[in-house]
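Participant: Sharing a structure below in structure tokens format, with a few things to ask.
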Amino acid sequence: MQTPLIDPFARAITYLRVSVTDRCDFRCTYCMAEHMQFLPKADLLTLEELERLCGAFVDLGVRKLRITGGEPLVRRNILSFFQAMSERLGNGLDELTLTTNGSQLARFAAPLADLGVRRINVSLDTLDPDKFAAITRWGRLPQVLDGLRAAKDAGLRVKINTVALKGFNEDELFALLDWCAAEGHDLTFIEVMPMGDMGEEQRLGQYWALSDLRARLAQRLTLTSLAERTGGPARYVRIEETGQKIGFITPLTHNFCESCNRVRLTCTGELFMCLGQEDRADLRAPLRAGLGDAMLHDAIRAAISRKPKGHDFDYTRGVAGQMSRHMSHTGG
Ligand code: SAM
Ligand code: SF4
């Protein structure tokens, strides 16, 4: 039995988010530039390397794996990776899950459910087909709705993630809420984050504070704050009129760092100990150097020993407080 991963601030690291690709079949305006330069294939970890690394984290006490990207379901042979990780379920791992744009779910929902995936997050910012095409640039809403139907049919529990965007989906707040209630999906709003260099003007124009969104909900509905904490930036309320649980992810606040239980692995094997800091550890080099498990574990422990106390996001400091990485690099 290995000693679990504990960082310098006595936080146990039990949650790993893994970006399996930087590529995507959408180009959401807040996430990617229209003409993205993707990484050379040779830089990406192979699926076998990803399996070995994720397996090492599970050996060291990680109990929850979230697979993300880019779009995780566009990575070739991704099911073989899920298959390998599903073998750790009940054997160190409590939960295997993913965040997806939903475009490939019609094909993948049933096999994922068969491999032990129980809950998934699907990103959806609007229910209007034209607005959907505009915000994702390349996406088509009916394809995602088909995918969501397949997820439901496969028995997957769905949480919809909606990025709150000023002047874009403000007018759909209640429509989204009602639709999620009717479909039986949970709903979480995400405050837009300063990731990637996409032009200051555009980004600041998109920012819609969730405190404002929440106040608008409260004008019509009764919200009860829930004590539930996930170790991340999400806070939850129950809507008394419908019983719905709604989440709010406000990464620009600092109020969650003290309970942070997670780290993020990129598709090139960089481990980011904090989403909002540039420090990272290269785990691909030890992996490709052919080191044994003990040395790989040491490299992971050394990285965790550098996990910072909190993040550096701050709009008020302008560019200096922002991250040059795109979200699709660290995988949201
Ligand atoms: N492609 C998948 C998807 O869209 O769900 C997984 C990767 S995506 C980077 C993960 C999440 O990050 C999505 O919910 C997306 O809306 C969110 N996201 C991307 N860029 C963001 C930004 N700048 N601020 C806040 N959330 C962002
Ligand atoms: Fe792709 Fe997800 Fe980024 Fe949209 S948010 S461009 S779907 S990675």
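Letters for chains follow the order of the structure tokens (A, B, ...), residue numbers begin at 1 for each chain, and ligand numbers begin at 1 in the order shown.
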Taking only C-alpha atoms and all ligand atoms into account, which residues are within 9 Å of ligand 2, as a PyMOL selection string?
Facilitator: chain A and resi 22-33+68-72+99-103+123-124+135-139+326-329+331-332
Participant: Could you write those residues out with N, CA, C and O atoms, as a tab-separated table (two decimals), in the first residue's frame?
Facilitator:
chain	number	residue	atom	x	y	z
A	22	ASP	N	-5.67	17.54	-27.45
A	22	ASP	CA	-5.92	18.99	-27.52
A	22	ASP	C	-6.85	19.30	-28.69
A	22	ASP	O	-7.25	20.42	-28.89
A	23	ARG	N	-7.18	18.27	-29.46
A	23	ARG	CA	-8.01	18.49	-30.65
A	23	ARG	C	-9.50	18.48	-30.32
A	23	ARG	O	-9.90	17.91	-29.31
A	24	CYS	N	-10.26	19.09	-31.20
A	24	CYS	CA	-11.69	19.15	-30.96
A	24	CYS	C	-12.42	19.32	-32.28
A	24	CYS	O	-11.88	19.88	-33.23
A	25	ASP	N	-13.65	18.85	-32.32
A	25	ASP	CA	-14.47	19.03	-33.52
A	25	ASP	C	-15.30	20.31	-33.45
A	25	ASP	O	-16.06	20.60	-34.37
A	26	PHE	N	-15.18	21.06	-32.35
A	26	PHE	CA	-15.81	22.38	-32.25
A	26	PHE	C	-14.70	23.43	-32.10
A	26	PHE	O	-13.53	23.08	-31.85
A	27	ARG	N	-15.09	24.68	-32.21
A	27	ARG	CA	-14.15	25.80	-31.98
A	27	ARG	C	-14.88	26.86	-31.14
A	27	ARG	O	-15.08	27.98	-31.62
A	28	CYS	N	-15.31	26.49	-29.96
A	28	CYS	CA	-16.07	27.44	-29.14
A	28	CYS	C	-15.29	28.75	-28.99
A	28	CYS	O	-14.08	28.72	-28.72
A	29	THR	N	-15.99	29.85	-29.14
A	29	THR	CA	-15.28	31.13	-29.24
A	29	THR	C	-14.52	31.48	-27.97
A	29	THR	O	-13.49	32.13	-28.02
A	30	TYR	N	-15.04	31.06	-26.79
A	30	TYR	CA	-14.37	31.40	-25.53
A	30	TYR	C	-13.25	30.43	-25.21
A	30	TYR	O	-12.53	30.60	-24.23
A	31	CYS	N	-13.13	29.37	-26.00
A	31	CYS	CA	-12.16	28.31	-25.68
A	31	CYS	C	-11.01	28.26	-26.69
A	31	CYS	O	-9.87	28.10	-26.30
A	32	MET	N	-11.34	28.38	-27.96
A	32	MET	CA	-10.31	28.21	-28.99
A	32	MET	C	-10.37	29.33	-30.00
A	32	MET	O	-11.43	29.90	-30.24
A	33	ALA	N	-9.23	29.57	-30.62
A	33	ALA	CA	-9.21	30.45	-31.78
A	33	ALA	C	-9.76	29.65	-32.96
A	33	ALA	O	-9.78	28.42	-32.92
A	68	THR	N	-11.05	14.41	-20.20
A	68	THR	CA	-11.50	15.61	-20.88
A	68	THR	C	-10.56	15.91	-22.04
A	68	THR	O	-9.82	15.06	-22.50
A	69	GLY	N	-10.60	17.14	-22.55
A	69	GLY	CA	-9.77	17.48	-23.70
A	69	GLY	C	-9.62	18.99	-23.80
A	69	GLY	O	-9.75	19.67	-22.80
A	70	GLY	N	-9.53	19.42	-24.99
A	70	GLY	CA	-10.07	19.08	-26.28
A	70	GLY	C	-11.35	18.23	-26.13
A	70	GLY	O	-11.96	18.22	-25.09
A	71	GLU	N	-11.70	17.60	-27.19
A	71	GLU	CA	-12.86	16.73	-27.09
A	71	GLU	C	-12.38	15.28	-26.94
A	71	GLU	O	-11.82	14.71	-27.87
A	72	PRO	N	-12.59	14.70	-25.75
A	72	PRO	CA	-12.00	13.37	-25.50
A	72	PRO	C	-12.50	12.30	-26.46
A	72	PRO	O	-11.75	11.39	-26.81
A	99	THR	N	-15.94	14.73	-19.46
A	99	THR	CA	-16.57	15.99	-19.88
A	99	THR	C	-16.49	16.03	-21.39
A	99	THR	O	-15.40	15.87	-21.96
A	100	THR	N	-17.63	16.22	-22.02
A	100	THR	CA	-17.67	16.14	-23.49
A	100	THR	C	-18.56	17.22	-24.06
A	100	THR	O	-19.45	17.71	-23.37
A	101	ASN	N	-18.35	17.53	-25.33
A	101	ASN	CA	-19.26	18.46	-25.98
A	101	ASN	C	-20.49	17.72	-26.52
A	101	ASN	O	-21.39	18.35	-27.07
A	102	GLY	N	-20.51	16.42	-26.40
A	102	GLY	CA	-21.70	15.64	-26.74
A	102	GLY	C	-21.80	15.24	-28.20
A	102	GLY	O	-22.67	14.44	-28.57
A	103	SER	N	-20.90	15.74	-29.04
A	103	SER	CA	-21.07	15.51	-30.48
A	103	SER	C	-20.95	14.03	-30.86
A	103	SER	O	-21.53	13.61	-31.85
A	123	SER	N	-21.26	19.81	-22.18
A	123	SER	CA	-21.25	21.27	-22.28
A	123	SER	C	-22.26	21.74	-23.30
A	123	SER	O	-22.29	21.23	-24.43
A	124	LEU	N	-23.10	22.65	-22.90
A	124	LEU	CA	-24.14	23.16	-23.80
A	124	LEU	C	-24.50	24.57	-23.33
A	124	LEU	O	-24.95	24.74	-22.19
A	135	ILE	N	-21.65	30.02	-31.48
A	135	ILE	CA	-20.72	29.97	-30.34
A	135	ILE	C	-19.70	28.84	-30.50
A	135	ILE	O	-18.55	28.96	-30.11
A	136	THR	N	-20.11	27.73	-31.12
A	136	THR	CA	-19.19	26.59	-31.28
A	136	THR	C	-18.46	26.66	-32.61
A	136	THR	O	-17.59	25.84	-32.88
A	137	ARG	N	-18.85	27.58	-33.45
A	137	ARG	CA	-18.36	27.76	-34.82
A	137	ARG	C	-18.62	26.51	-35.70
A	137	ARG	O	-19.15	26.63	-36.76
A	138	TRP	N	-18.25	25.31	-35.22
A	138	TRP	CA	-18.33	24.13	-36.07
A	138	TRP	C	-19.41	23.13	-35.61
A	138	TRP	O	-19.62	22.12	-36.27
A	139	GLY	N	-20.01	23.40	-34.48
A	139	GLY	CA	-20.94	22.41	-33.92
A	139	GLY	C	-22.35	22.57	-34.46
A	139	GLY	O	-22.73	23.63	-34.94
A	326	HIS	N	-4.72	27.81	-23.43
A	326	HIS	CA	-6.13	27.64	-23.73
A	326	HIS	C	-6.68	26.55	-22.81
A	326	HIS	O	-5.97	25.65	-22.42
A	327	MET	N	-7.97	26.66	-22.57
A	327	MET	CA	-8.65	25.69	-21.72
A	327	MET	C	-8.53	24.28	-22.29
A	327	MET	O	-8.46	23.30	-21.56
A	328	SER	N	-8.51	24.19	-23.62
A	328	SER	CA	-8.44	22.87	-24.23
A	328	SER	C	-7.08	22.22	-23.98
A	328	SER	O	-6.91	21.03	-24.17
A	329	HIS	N	-6.11	23.01	-23.52
A	329	HIS	CA	-4.79	22.45	-23.22
A	329	HIS	C	-4.80	21.73	-21.87
A	329	HIS	O	-4.39	20.59	-21.74
A	331	GLY	N	-7.64	21.27	-20.17
A	331	GLY	CA	-8.82	20.43	-20.13
A	331	GLY	C	-9.83	20.75	-19.05
A	331	GLY	O	-10.37	19.86	-18.43
A	332	GLY	N	-10.10	22.03	-18.85
A	332	GLY	CA	-11.25	22.46	-18.08
A	332	GLY	C	-11.56	21.81	-16.75
A	332	GLY	O	-11.41	20.68	-16.51
Participant: Would you give me, as a Markdown table, each residue of segment 146-217 of chain A having an atom within 12 Å of an atom of segment 108-119 of chain A, along with its shortest atom pair and that distance in Å to one decimal, using only C-alpha atoms and sorting by chain and residue number?
Facilitator:
| residue | atom | partner | partner_atom | distance |
| --- | --- | --- | --- | --- |
| A:Asp146 | CA | A:Ala109 | CA | 10.6 |
| A:Gly147 | CA | A:Ala109 | CA | 7.5 |
| A:Leu148 | CA | A:Ala109 | CA | 8.5 |
| A:Arg149 | CA | A:Ala109 | CA | 9.2 |
| A:Ala150 | CA | A:Ala109 | CA | 6.0 |
| A:Ala151 | CA | A:Ala109 | CA | 5.0 |
| A:Lys152 | CA | A:Ala109 | CA | 8.5 |
| A:Asp153 | CA | A:Ala110 | CA | 8.0 |
| A:Ala154 | CA | A:Ala110 | CA | 5.1 |
| A:Gly155 | CA | A:Ala113 | CA | 7.3 |
| A:Leu156 | CA | A:Arg118 | CA | 5.2 |
| A:Arg157 | CA | A:Arg119 | CA | 4.5 |
| A:Val158 | CA | A:Arg119 | CA | 5.8 |
| A:Lys159 | CA | A:Arg119 | CA | 7.6 |
| A:Ile160 | CA | A:Arg119 | CA | 10.9 |
| A:His185 | CA | A:Arg119 | CA | 10.5 |
| A:Asp186 | CA | A:Arg119 | CA | 10.5 |
Participant: Convert the current residue selection to file output with all heavy atoms, as a compact mmCIF listing (two decimals), in the first residue's frame.
Facilitator:
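Written out: selection-v9.txt:
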# COMPACT_ATOMS: atom_id res chain seq x y z
N ASP A 146 -29.05 14.57 -30.12
CA ASP A 146 -29.09 13.11 -30.36
C ASP A 146 -28.19 12.39 -29.37
O ASP A 146 -28.54 11.34 -28.83
CB ASP A 146 -28.60 12.78 -31.78
CG ASP A 146 -29.63 13.11 -32.83
OD1 ASP A 146 -30.78 13.42 -32.46
OD2 ASP A 146 -29.28 13.07 -34.03
N GLY A 147 -27.02 12.97 -29.16
CA GLY A 147 -26.07 12.37 -28.21
C GLY A 147 -26.64 12.33 -26.81
O GLY A 147 -26.48 11.35 -26.07
N LEU A 148 -27.32 13.40 -26.44
CA LEU A 148 -27.90 13.45 -25.09
C LEU A 148 -29.01 12.40 -24.95
O LEU A 148 -29.16 11.79 -23.88
CB LEU A 148 -28.45 14.86 -24.81
CG LEU A 148 -27.36 15.88 -24.47
CD1 LEU A 148 -27.90 17.30 -24.55
CD2 LEU A 148 -26.77 15.60 -23.08
N ARG A 149 -29.74 12.21 -26.01
CA ARG A 149 -30.79 11.17 -25.97
C ARG A 149 -30.13 9.80 -25.77
O ARG A 149 -30.59 8.98 -24.98
CB ARG A 149 -31.59 11.21 -27.27
CG ARG A 149 -32.99 10.64 -27.14
CD ARG A 149 -33.89 11.12 -28.26
NE ARG A 149 -33.95 12.58 -28.36
CZ ARG A 149 -33.59 13.29 -29.44
NH1 ARG A 149 -33.13 12.69 -30.51
NH2 ARG A 149 -33.67 14.60 -29.43
N ALA A 150 -29.05 9.56 -26.49
CA ALA A 150 -28.36 8.27 -26.37
C ALA A 150 -27.82 8.09 -24.95
O ALA A 150 -27.86 6.98 -24.40
CB ALA A 150 -27.21 8.21 -27.38
N ALA A 151 -27.35 9.18 -24.36
CA ALA A 151 -26.83 9.10 -22.98
C ALA A 151 -27.95 8.70 -22.03
O ALA A 151 -27.78 7.84 -21.15
CB ALA A 151 -26.22 10.44 -22.58
N LYS A 152 -29.08 9.32 -22.21
CA LYS A 152 -30.23 9.02 -21.36
C LYS A 152 -30.65 7.56 -21.54
O LYS A 152 -30.87 6.84 -20.57
CB LYS A 152 -31.38 9.95 -21.76
CG LYS A 152 -32.26 10.38 -20.63
CD LYS A 152 -33.07 11.57 -21.09
CE LYS A 152 -34.47 11.52 -20.53
NZ LYS A 152 -35.26 12.69 -20.92
N ASP A 153 -30.72 7.13 -22.81
CA ASP A 153 -31.12 5.75 -23.09
C ASP A 153 -30.14 4.75 -22.47
O ASP A 153 -30.53 3.65 -22.09
CB ASP A 153 -31.19 5.50 -24.60
CG ASP A 153 -32.35 6.25 -25.24
OD1 ASP A 153 -33.22 6.75 -24.49
OD2 ASP A 153 -32.37 6.36 -26.49
N ALA A 154 -28.87 5.15 -22.40
CA ALA A 154 -27.86 4.24 -21.85
C ALA A 154 -27.85 4.29 -20.32
O ALA A 154 -27.07 3.59 -19.68
CB ALA A 154 -26.48 4.61 -22.39
N GLY A 155 -28.68 5.15 -19.75
CA GLY A 155 -28.77 5.22 -18.28
C GLY A 155 -27.71 6.11 -17.66
O GLY A 155 -27.48 6.06 -16.45
N LEU A 156 -27.03 6.93 -18.49
CA LEU A 156 -26.01 7.83 -17.93
C LEU A 156 -26.69 9.04 -17.30
O LEU A 156 -27.64 9.60 -17.87
CB LEU A 156 -25.07 8.33 -19.04
CG LEU A 156 -24.18 7.28 -19.69
CD1 LEU A 156 -23.43 7.89 -20.88
CD2 LEU A 156 -23.18 6.74 -18.68
N ARG A 157 -26.22 9.43 -16.14
CA ARG A 157 -26.71 10.65 -15.51
C ARG A 157 -25.95 11.82 -16.15
O ARG A 157 -24.72 11.77 -16.28
CB ARG A 157 -26.46 10.52 -14.01
CG ARG A 157 -26.82 11.68 -13.21
CD ARG A 157 -27.84 11.38 -12.08
NE ARG A 157 -28.44 12.66 -11.72
CZ ARG A 157 -29.63 13.05 -12.08
NH1 ARG A 157 -30.42 12.26 -12.76
NH2 ARG A 157 -30.08 14.24 -11.74
N VAL A 158 -26.68 12.85 -16.54
CA VAL A 158 -26.05 13.95 -17.28
C VAL A 158 -26.08 15.24 -16.46
O VAL A 158 -27.10 15.60 -15.89
CB VAL A 158 -26.79 14.20 -18.62
CG1 VAL A 158 -26.25 15.46 -19.30
CG2 VAL A 158 -26.66 13.00 -19.55
N LYS A 159 -24.93 15.90 -16.43
CA LYS A 159 -24.90 17.26 -15.90
C LYS A 159 -24.55 18.17 -17.08
O LYS A 159 -23.56 17.96 -17.77
CB LYS A 159 -23.84 17.40 -14.80
CG LYS A 159 -23.81 18.82 -14.23
CD LYS A 159 -23.14 18.87 -12.88
CE LYS A 159 -21.64 18.74 -12.97
NZ LYS A 159 -20.94 19.98 -13.31
N ILE A 160 -25.40 19.16 -17.29
CA ILE A 160 -25.13 20.13 -18.35
C ILE A 160 -24.25 21.23 -17.77
O ILE A 160 -24.53 21.76 -16.69
CB ILE A 160 -26.45 20.73 -18.88
CG1 ILE A 160 -27.36 19.65 -19.48
CG2 ILE A 160 -26.17 21.85 -19.88
CD1 ILE A 160 -26.85 19.00 -20.75
N HIS A 185 -31.82 16.47 -16.28
CA HIS A 185 -30.39 16.75 -16.20
C HIS A 185 -30.10 17.75 -15.09
O HIS A 185 -30.89 18.66 -14.85
CB HIS A 185 -29.87 17.37 -17.51
CG HIS A 185 -30.09 16.53 -18.73
ND1 HIS A 185 -30.03 15.16 -18.71
CD2 HIS A 185 -30.35 16.88 -20.02
CE1 HIS A 185 -30.26 14.70 -19.95
NE2 HIS A 185 -30.46 15.72 -20.74
N ASP A 186 -28.96 17.57 -14.44
CA ASP A 186 -28.48 18.62 -13.54
C ASP A 186 -27.92 19.75 -14.39
O ASP A 186 -27.63 19.56 -15.57
CB ASP A 186 -27.38 18.08 -12.62
CG ASP A 186 -27.95 17.06 -11.63
OD1 ASP A 186 -29.10 17.24 -11.21
OD2 ASP A 186 -27.23 16.09 -11.31
Participant: What lies within 9 Å of Ala234 of chain A using only C-alpha atoms, ignoring chain neighbours under 4 positions off, as a ChimeraX atom specification?
Facilitator: /A:188,190,229-230,247-251,256
Participant: Run DSSP on the backbone of this structure and report the residues of segment 136-249 of chain A it assigns to strand (DSSP E), as a list of chain:residue names.
Facilitator: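 Residues of segment 136-249 of chain A classed as strand (DSSP E): A:Arg157, A:Val158, A:Lys159, A:Ile160, A:Asn161, A:Thr162, A:Val163, A:Ala164, A:Asp186, A:Leu187, A:Thr188, A:Phe189, A:Ile190, A:Glu191, A:Leu223, A:Thr224, A:Ser225, A:Ala234, A:Arg235, A:Tyr236, A:Val237, A:Arg238, A:Ile239, A:Lys245, A:Ile246, A:Gly247, A:Phe248, A:Ile249.
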Participant: Interatomic distance between atom CA of Leu275 of chain A and atom CA of Asn121 of chain A?
Facilitator: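 It comes out at 18.5 Å.
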Participant: Go through A:Leu45, A:Phe9, A:Phe57, A:Arg75 and flag the residue nearest ligand 1, using only C-alpha atoms and all ligand atoms for the distances.
Facilitator: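 Selected residue with least distance to ligand 1: A:Arg75.
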Participant: Between atom CA of Pro308 of chain A and atom CA of Gly269 of chain A, measure the distance and give it in Å to one decimal.
Facilitator: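 Computing the Euclidean distance for atom CA of Pro308 of chain A and atom CA of Gly269 of chain A yields 19.1 Å.
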Participant: For ligand 1, which residue among A:Glu191, A:Asp279, A:Asp7, A:Asp212 is the nearest when counting only C-alpha atoms and all ligand atoms?
Facilitator: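 With only C-alpha atoms and all ligand atoms as the atom set, the closest residue is A:Glu191.
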Participant: Determine which residues of segment 95-182 of chain A DSSP labels as alpha helix (DSSP H) from the backbone of this structure, then write them out as a VMD selection string.
Facilitator: chain A and resid 105 to 114 129 to 136 141 to 153 173 to 182
Participant: With a distance cut-off of 10 Å and only C-alpha atoms, select the neighbouring residues of Thr242 of chain A, excluding the residue or stretch itself and same-chain residues fewer than 4 positions from it, and output the selection as a ChimeraX atom specification.
Facilitator: /A:177-178,181,221-222,238
Participant: Neighbours of Glu258 of chain A within 12 Å (only C-alpha atoms; same-chain residues fewer than 2 positions away dropped), as a PyMOL selection string?
Facilitator: chain A and resi 7-12+229-233+253-256+260-262+274+307-311
Participant: From the set A:Ala164, A:Ala42, A:Leu217, A:Ala302, which residue has the shortest atom-to-atom contact distance to ligand 1, counting only C-alpha atoms and all ligand atoms?
Facilitator: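 Among A:Ala164, A:Ala42, A:Leu217, A:Ala302, it is A:Ala164 that comes nearest to ligand 1.
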